[in-house]
Structures are given as structure tokens and as C-alpha cells.
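Below: one structure, written as C-alpha cells.
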Amino acid sequence: MENNPASLIVQKILESQRIAITSHLRPDGDSICTSLALAFMGELLAKEVEIINKDKTPFPINNVPDIDKIKMGQIPAQGFDLVILLECANVSRSGQDNLDDYFKINIDHHHSNDYYADINWVDQEASAVGEMVYTLGEKLNIEFTPRITNHLYCAIVSDTGSFQFSNTSARSFDVCHKLIEHGASSIQTAELLFNNNSPEKIKLLGNVLSTLQMNPRGNIATITMFKKFQDSLQLKEVDTEDITTLARSIKGVRMVLFFKEIENNTFRVSLRSKGRANAAFVAEHFGGGGHIHAAGFTVKGKYEELLKEIPEKVDQLLKKQPKGKIPDKYKEPYPF
């Protein structure tokens, strides 16, 4: 057996009988669909596999086939041979409280991982953990059934924004090519992820986009979701990533500031950027954090003042951001 993380994971899975899988708090399409694919892989190997997450599955991923297989709550302190954590930078990111005595496997593709498990497989070049688990399936020599391939394909499409985000690579397309050859349906996935909105969601989209403002240089856009927008449409929870993507698509825009009203004079600001605009660098200045192209922070103050002060400060930060921290693959002419 090769002494690399993926091979060590294969060996541990084959040695184990009862396996628990969990993912990060507020799980997304990549962690959810990869969990399902990995569980069905385990069952093909005659393993007993349970998926247990702390938080419930968000829309639209809650409509994927087999979603009822996922349980909500805490993994018990004993009863499994190993626990696989997907996209968890550390154990606390999973929201699970009883994992201290378990053999843990950590599978992630984010640079912020703490390498906390007994086996750590962190591949920052992977577009999604779905891409990584496809490799795991090859090493396990399992049959790639349409059920498994559809979940893995959905994981990758979700995390790459339908191959629009900067984590998309030749490897992403190669794996998806193989998944479709094995029976994954690109049409079914696209319908589920992108053509499944309610009328209320589209009305919310219009309300939020009506708040669009641009800074004088045209490189920063701001949009806002006030609590009254959701309340008037009786929307308690809503996926807003596509709203941000629309604003980011404006020519010349390199960063979107999405103000989400939490309570009076308190806003969660989600940052989405492209090219060399470092969202994490900006968020850290305001006490938040995240990744190069997706980050966030919380601010308090009067909305009109925040809407003037924060974009101005963000523009200043982008002008002096440390260019050396941005990988070369994001190179492009940049108007700073």
C-alpha cells in the first residue's frame, strides 16, 4: 500500500465496518453530495455508513435524491470504527462534540485546514472534495453507479459555480467527463441547482438588485438585503449566492459587498471577488476572514454611513493588498 493520504484512507476504510461521515456547519452542495456518494461507495463495500450533520441541508441541495439518508444531530461518543470529516478545517467546524476518542479522517481542499486528524488529506488544487472522493473511488476499485456519479458531479458543479469560479481546473473537467461517462446527468444537475427557484426568491432577487450601487471607479459594487425584504415574502432561509454572482458579473467589478441586515444597525457583509482582488485580506481588516474570492465580516452602524465608509476603505485596501499572496493562476490586467 502506498504511503500517501488517499491510499492510507483506502486502507482504513477497508479495515473498518461502521463508518460515520460528517461535514461542516451550514453544509453546502460539495460536502452534502460528496457525503452521499461516499456513503454509497461504502455500502458497495458492505460497510455500514451513516451521515450525521449538525446543521440541516440548505436549499436547493435539500432536493437532491437520497437526502433523507442524512441525519441531523450529534455523532454518539462510541459505536463507529472511524469518522470521516469533509471540508472541516478543524473538529469544531463540524459542530460535533463527541469525536475525541475516534479515529478521524480529514478530507478537505481549503488552505485553512489545521491537519488535526489521524489521516489528513488536504488537496488545495482540487476544485471540490467531490473531485477528491472520485479519486478515492478509483483506488477502492468500486463500481461508479449513476447514483454515485450524479452526487459527485453535483458536488463539483456546485462548488465551481457551474465551472465559473477560479477553482475550476483541467482536472475538474476531466473528472466530470469520467463521471458523465459513468452515467451522471449534467441536465438533471443543472435543473436541480439552477432552475429550482420559487417565485418569492425571484422577487427577493429584484428587491436586492434594486439596491445596487457602484463606487466612483466602478470596481466595487454594493447590494443589500434588508430584513423587511425576506419578511415581506415570508422567506426564513434563502440561498443568495446567485444574487452576488449577478452583481459580480458587471463589467469592471472586481469585488461585491453584499450587506445582509441581521438586526437594527448590524450587518453581515459577504465579499465575493474575482481576479487578484483578495477578499480574505479585506475581511481580515474588519475582523472577519475567508478565502481569496469569498470572505465576510460583521459591522455595526447606521446603514447610510456604512454604505459610504466601507466601500471607500475596501478600495484603499485593494490598492495596497499584498500581491505576493495571490496565486499566478488569477493573473489578469488589474485596475489598481
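Chain labels A, B, ... are given in the sequence in which chains occur in the C-alpha cells; within each chain residues are numbered consecutively from 1, and ligands are likewise numbered from 1 in the order shown.
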### Message
Neighbouring residues of A:Ala170 were defined as those with any atom within 12 Å, considering only C-alpha atoms; residues of the same chain fewer than 6 positions away were excluded. Please report them as a list in words.
### Response
Glu125, Ala126, Ser127, Glu131, Phe163, Cys176 and His177 of chain A
Serialized selection, C-alpha atoms, as a PDB file, in the first residue's frame:
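Output contents, as saved in result_3.pdb:
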```
ATOM      1  CA  GLU A 125      -5.502  22.147  -6.003  1.00  0.00           C
ATOM      2  CA  ALA A 126      -8.760  20.174  -6.002  1.00  0.00           C
ATOM      3  CA  SER A 127     -11.864  22.103  -7.045  1.00  0.00           C
ATOM      4  CA  GLU A 131     -13.197  15.591  -7.054  1.00  0.00           C
ATOM      5  CA  PHE A 163     -17.331  25.864 -13.798  1.00  0.00           C
ATOM      6  CA  CYS A 176     -16.636  15.370 -14.701  1.00  0.00           C
ATOM      7  CA  HIS A 177     -16.033  13.865 -18.132  1.00  0.00           C
TER       8      HIS A 177
END
```
Open item on the list: Need the shell around A:Gly161: protein/DNA/RNA residues with any atom at most 10 Å away, counting only C-alpha atoms. Skip same-chain ones fewer than 6 positions apart. Format as an MDAnalysis selection string?
Closed with: chainID A and resid 167:168 193:194 241:242 245
Name the residues in contact with A:Ser112 at a cut-off of 9 Å, using only C-alpha atoms, excluding same-chain residues fewer than 5 positions from it; report them as a compact mmCIF listing (two decimals) with C-alpha atoms, in the first residue's frame.
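File produced: around35.txt:
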```
# COMPACT_ATOMS: atom_id res chain seq x y z
CA ALA A 89 -10.79 22.98 8.91
CA GLY A 290 -12.37 33.64 4.49
CA HIS A 291 -10.80 32.74 1.18
```
May I have all residues of stretch 258-321 of chain A that DSSP, computed from the backbone, assigns to helix (DSSP H, G or I), given as a PyMOL selection string?
chain A and resi 279-285+303-320
Would you save the residues of that selection, restricted to C-alpha atoms, as an mmCIF file, in the first residue's frame?
```cif
data_model
loop_
_atom_site.group_PDB
_atom_site.id
_atom_site.type_symbol
_atom_site.label_atom_id
_atom_site.label_comp_id
_atom_site.auth_asym_id
_atom_site.auth_seq_id
_atom_site.Cartn_x
_atom_site.Cartn_y
_atom_site.Cartn_z
ATOM 1 C CA ALA A 279 -11.484 39.111 -0.300
ATOM 2 C CA ALA A 280 -9.792 37.432 2.670
ATOM 3 C CA PHE A 281 -7.324 40.305 3.055
ATOM 4 C CA VAL A 282 -10.178 42.805 3.107
ATOM 5 C CA ALA A 283 -12.316 40.766 5.527
ATOM 6 C CA GLU A 284 -9.442 40.320 7.965
ATOM 7 C CA HIS A 285 -9.074 44.101 8.219
ATOM 8 C CA TYR A 303 -26.597 51.905 7.095
ATOM 9 C CA GLU A 304 -26.094 55.161 5.157
ATOM 10 C CA GLU A 305 -22.749 55.757 6.844
ATOM 11 C CA LEU A 306 -21.560 52.167 6.384
ATOM 12 C CA LEU A 307 -22.509 52.246 2.715
ATOM 13 C CA LYS A 308 -20.242 55.251 2.214
ATOM 14 C CA GLU A 309 -17.343 54.391 4.512
ATOM 15 C CA ILE A 310 -16.811 50.679 3.854
ATOM 16 C CA PRO A 311 -16.516 50.743 0.026
ATOM 17 C CA GLU A 312 -14.055 53.633 0.342
ATOM 18 C CA LYS A 313 -11.937 51.657 2.808
ATOM 19 C CA VAL A 314 -12.167 48.497 0.705
ATOM 20 C CA ASP A 315 -10.899 50.404 -2.341
ATOM 21 C CA GLN A 316 -7.932 51.632 -0.303
ATOM 22 C CA LEU A 317 -7.201 48.103 0.928
ATOM 23 C CA LEU A 318 -7.305 46.652 -2.577
ATOM 24 C CA LYS A 319 -4.746 49.193 -3.736
ATOM 25 C CA LYS A 320 -2.252 48.067 -1.081
#
```
Nearby residues (only C-alpha atoms) at most 8 Å from stretch 261-274 of chain A, same-chain spacing under 2 positions excluded, as an MDAnalysis selection string = chainID A and resid 166 224:227 244:245 248 254:259 276:279 283 292:303
Using DSSP on the backbone coordinates, identify the residues of stretch 122-280 of chain A assigned to strand (DSSP E); present them as a tab-separated table (two decimals) with N, CA and C atoms, in the first residue's frame.
```tsv
chain	number	residue	atom	x	y	z
A	122	VAL	N	-5.47	16.86	2.44
A	122	VAL	CA	-5.84	18.22	2.09
A	122	VAL	C	-5.19	18.55	0.76
A	213	GLN	N	-25.38	49.70	-5.94
A	213	GLN	CA	-24.64	50.94	-6.08
A	213	GLN	C	-23.21	50.62	-6.49
A	214	MET	N	-22.59	51.55	-7.19
A	214	MET	CA	-21.20	51.38	-7.65
A	214	MET	C	-20.34	52.49	-7.07
A	220	ILE	N	-16.04	48.33	-7.47
A	220	ILE	CA	-16.70	47.77	-6.29
A	220	ILE	C	-18.21	48.01	-6.41
A	221	ALA	N	-18.97	46.94	-6.25
A	221	ALA	CA	-20.43	47.03	-6.25
A	221	ALA	C	-20.95	46.67	-4.87
A	222	THR	N	-22.01	47.34	-4.45
A	222	THR	CA	-22.67	47.00	-3.19
A	222	THR	C	-24.13	46.68	-3.45
A	223	ILE	N	-24.62	45.64	-2.78
A	223	ILE	CA	-26.03	45.30	-2.78
A	223	ILE	C	-26.43	45.01	-1.34
A	224	THR	N	-27.72	45.11	-1.06
A	224	THR	CA	-28.18	44.99	0.33
A	224	THR	C	-29.46	44.17	0.40
A	225	MET	N	-29.51	43.30	1.42
A	225	MET	CA	-30.74	42.57	1.71
A	225	MET	C	-31.21	42.98	3.10
A	255	MET	N	-14.97	43.36	-6.93
A	255	MET	CA	-15.44	42.89	-5.63
A	255	MET	C	-16.87	43.37	-5.39
A	256	VAL	N	-17.68	42.45	-4.85
A	256	VAL	CA	-19.05	42.78	-4.45
A	256	VAL	C	-19.12	42.74	-2.93
A	257	LEU	N	-19.74	43.79	-2.35
A	257	LEU	CA	-20.03	43.82	-0.92
A	257	LEU	C	-21.53	43.61	-0.76
A	258	PHE	N	-21.91	42.48	-0.18
A	258	PHE	CA	-23.32	42.15	-0.01
A	258	PHE	C	-23.68	42.36	1.46
A	259	PHE	N	-24.39	43.46	1.75
A	259	PHE	CA	-24.81	43.78	3.11
A	259	PHE	C	-26.10	43.01	3.43
A	260	LYS	N	-26.06	42.17	4.47
A	260	LYS	CA	-27.25	41.44	4.90
A	260	LYS	C	-27.61	41.91	6.31
A	261	GLU	N	-28.77	42.52	6.43
A	261	GLU	CA	-29.19	43.05	7.73
A	261	GLU	C	-29.53	41.91	8.68
A	262	ILE	N	-28.82	41.87	9.81
A	262	ILE	CA	-29.06	40.86	10.84
A	262	ILE	C	-30.05	41.38	11.86
A	263	GLU	N	-29.83	42.59	12.29
A	263	GLU	CA	-30.74	43.30	13.21
A	263	GLU	C	-30.50	44.77	13.00
A	266	THR	N	-26.96	46.38	12.39
A	266	THR	CA	-25.96	45.31	12.35
A	266	THR	C	-26.08	44.58	11.03
A	267	PHE	N	-24.95	44.46	10.33
A	267	PHE	CA	-24.94	43.84	9.01
A	267	PHE	C	-23.81	42.82	8.88
A	268	ARG	N	-24.14	41.70	8.26
A	268	ARG	CA	-23.13	40.74	7.84
A	268	ARG	C	-22.77	41.10	6.40
A	269	VAL	N	-21.49	41.34	6.14
A	269	VAL	CA	-21.06	41.73	4.80
A	269	VAL	C	-20.33	40.55	4.14
A	270	SER	N	-20.94	40.02	3.10
A	270	SER	CA	-20.31	38.93	2.34
A	270	SER	C	-19.53	39.53	1.19
A	271	LEU	N	-18.30	39.10	1.04
A	271	LEU	CA	-17.43	39.59	-0.03
A	271	LEU	C	-17.27	38.50	-1.08
A	272	ARG	N	-17.45	38.87	-2.34
A	272	ARG	CA	-17.15	37.97	-3.45
A	272	ARG	C	-16.32	38.75	-4.45
A	273	SER	N	-15.19	38.19	-4.83
A	273	SER	CA	-14.27	38.92	-5.70
A	273	SER	C	-13.85	38.06	-6.87
```
- Task: Find the residues around A:Lys69 up to 10 Å (only C-alpha atoms counted), leave out those fewer than 3 positions away in its own chain, and share them as number ranges by chain.
- Result: A: 35-36, 39, 49-52, 65-66, 72
Separating atom CA of A:Val133 from atom CA of A:Leu152, to the nearest tenth of an Å, is a gap of 7.9 Å
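Candidate residues A:Thr145, A:Gln188, A:Thr34, A:Asn98 were compared for distance to A:Gln78, and the nearest is A:Asn98, using only C-alpha atoms.
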Can you tell me which residues surround A:Val175 at a distance of at most 10 Å, considering only C-alpha atoms, apart from same-chain residues fewer than 2 positions away, and format the answer as a VMD selection string? chain A and resid 130 to 132 134 to 135 152 to 153 156 170 to 173 177 to 181
Checklist entry - Which value, in Å to one decimal, gives the distance between atom CA of A:Gly288 and atom CA of A:Asp100? => result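 Separation between atom CA of A:Gly288 and atom CA of A:Asp100: 28.1 Å.
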Find, counting only C-alpha atoms, the residue in A:Asn3, A:Asn106, A:Asn63, A:Ser185 that gets nearest to A:Thr22.
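Answer, going by the shortest atom-to-atom distance: A:Asn106.
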With distances taken over only C-alpha atoms, the candidate from A:Glu48, A:Leu140, A:Gly275, A:Leu235 nearest A:Asn219 is A:Gly275
Applying 8 Å and only C-alpha atoms, which residues near A:Asp30 remain after dropping the ones on its own chain fewer than 2 positions away? List them as a list in words.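 Everything that qualifies: Asp28, Ile32, Cys33, Thr34, Ala128, Val129, Gly130, Cys154, Ala155, Ile156, Ser158 and Asp159 of chain A.
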Just-selected residues, N, CA and C atoms written as an mmCIF file, in the first residue's frame:
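In the end it all went to part24.cif:
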```cif
data_model
loop_
_atom_site.group_PDB
_atom_site.id
_atom_site.type_symbol
_atom_site.label_atom_id
_atom_site.label_comp_id
_atom_site.auth_asym_id
_atom_site.auth_seq_id
_atom_site.Cartn_x
_atom_site.Cartn_y
_atom_site.Cartn_z
ATOM 1 N N ASP A 28 -22.739 22.707 2.396
ATOM 2 C CA ASP A 28 -23.027 23.162 1.036
ATOM 3 C C ASP A 28 -23.155 21.973 0.090
ATOM 4 N N ILE A 32 -22.355 17.988 1.059
ATOM 5 C CA ILE A 32 -23.542 17.133 1.134
ATOM 6 C C ILE A 32 -23.494 16.034 0.080
ATOM 7 N N CYS A 33 -23.302 16.425 -1.166
ATOM 8 C CA CYS A 33 -23.331 15.433 -2.250
ATOM 9 C C CYS A 33 -22.150 14.467 -2.174
ATOM 10 N N THR A 34 -21.002 14.954 -1.734
ATOM 11 C CA THR A 34 -19.859 14.067 -1.558
ATOM 12 C C THR A 34 -20.111 13.082 -0.428
ATOM 13 N N ALA A 128 -12.994 20.611 -5.495
ATOM 14 C CA ALA A 128 -14.039 20.219 -4.542
ATOM 15 C C ALA A 128 -13.616 18.904 -3.897
ATOM 16 N N VAL A 129 -14.184 18.596 -2.730
ATOM 17 C CA VAL A 129 -13.894 17.284 -2.148
ATOM 18 C C VAL A 129 -14.547 16.185 -2.987
ATOM 19 N N GLY A 130 -15.572 16.549 -3.761
ATOM 20 C CA GLY A 130 -16.155 15.580 -4.687
ATOM 21 C C GLY A 130 -15.138 15.079 -5.691
ATOM 22 N N CYS A 154 -22.655 16.611 -9.067
ATOM 23 C CA CYS A 154 -23.361 17.728 -8.430
ATOM 24 C C CYS A 154 -22.442 18.458 -7.454
ATOM 25 N N ALA A 155 -21.622 17.713 -6.720
ATOM 26 C CA ALA A 155 -20.680 18.320 -5.779
ATOM 27 C C ALA A 155 -19.716 19.267 -6.488
ATOM 28 N N ILE A 156 -19.171 18.812 -7.611
ATOM 29 C CA ILE A 156 -18.173 19.612 -8.334
ATOM 30 C C ILE A 156 -18.816 20.809 -9.022
ATOM 31 N N SER A 158 -21.512 22.335 -8.165
ATOM 32 C CA SER A 158 -21.923 23.263 -7.120
ATOM 33 C C SER A 158 -20.754 24.106 -6.633
ATOM 34 N N ASP A 159 -19.630 23.470 -6.360
ATOM 35 C CA ASP A 159 -18.506 24.197 -5.757
ATOM 36 C C ASP A 159 -17.721 25.028 -6.768
#
```
Have a look at A:His24, A:Lys47, A:Lys139, A:Arg18 and name the one nearest to A:Tyr102; count only C-alpha atoms.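 Using only C-alpha atoms, A:Tyr102 sits closest to A:Arg18.
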Report task. Using atom CA of A:Asp239 and atom CA of A:Gly289 as the two end points, give the distance in Å to one decimal. Result ->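 These two atoms are separated by 20.2 Å.
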Judged by only C-alpha atoms, the minimum distance to A:Ser232 among A:Leu204, A:Leu99, A:Cys88, A:Ile250 is found for A:Leu204
- prompt: Nearest to A:Ser16 among A:Leu212, A:Leu246, A:Leu136, A:Ile84, with distances taken over only C-alpha atoms: which residue is it?
  reply: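 Ranked by minimum distance to A:Ser16, first place goes to A:Ile84.
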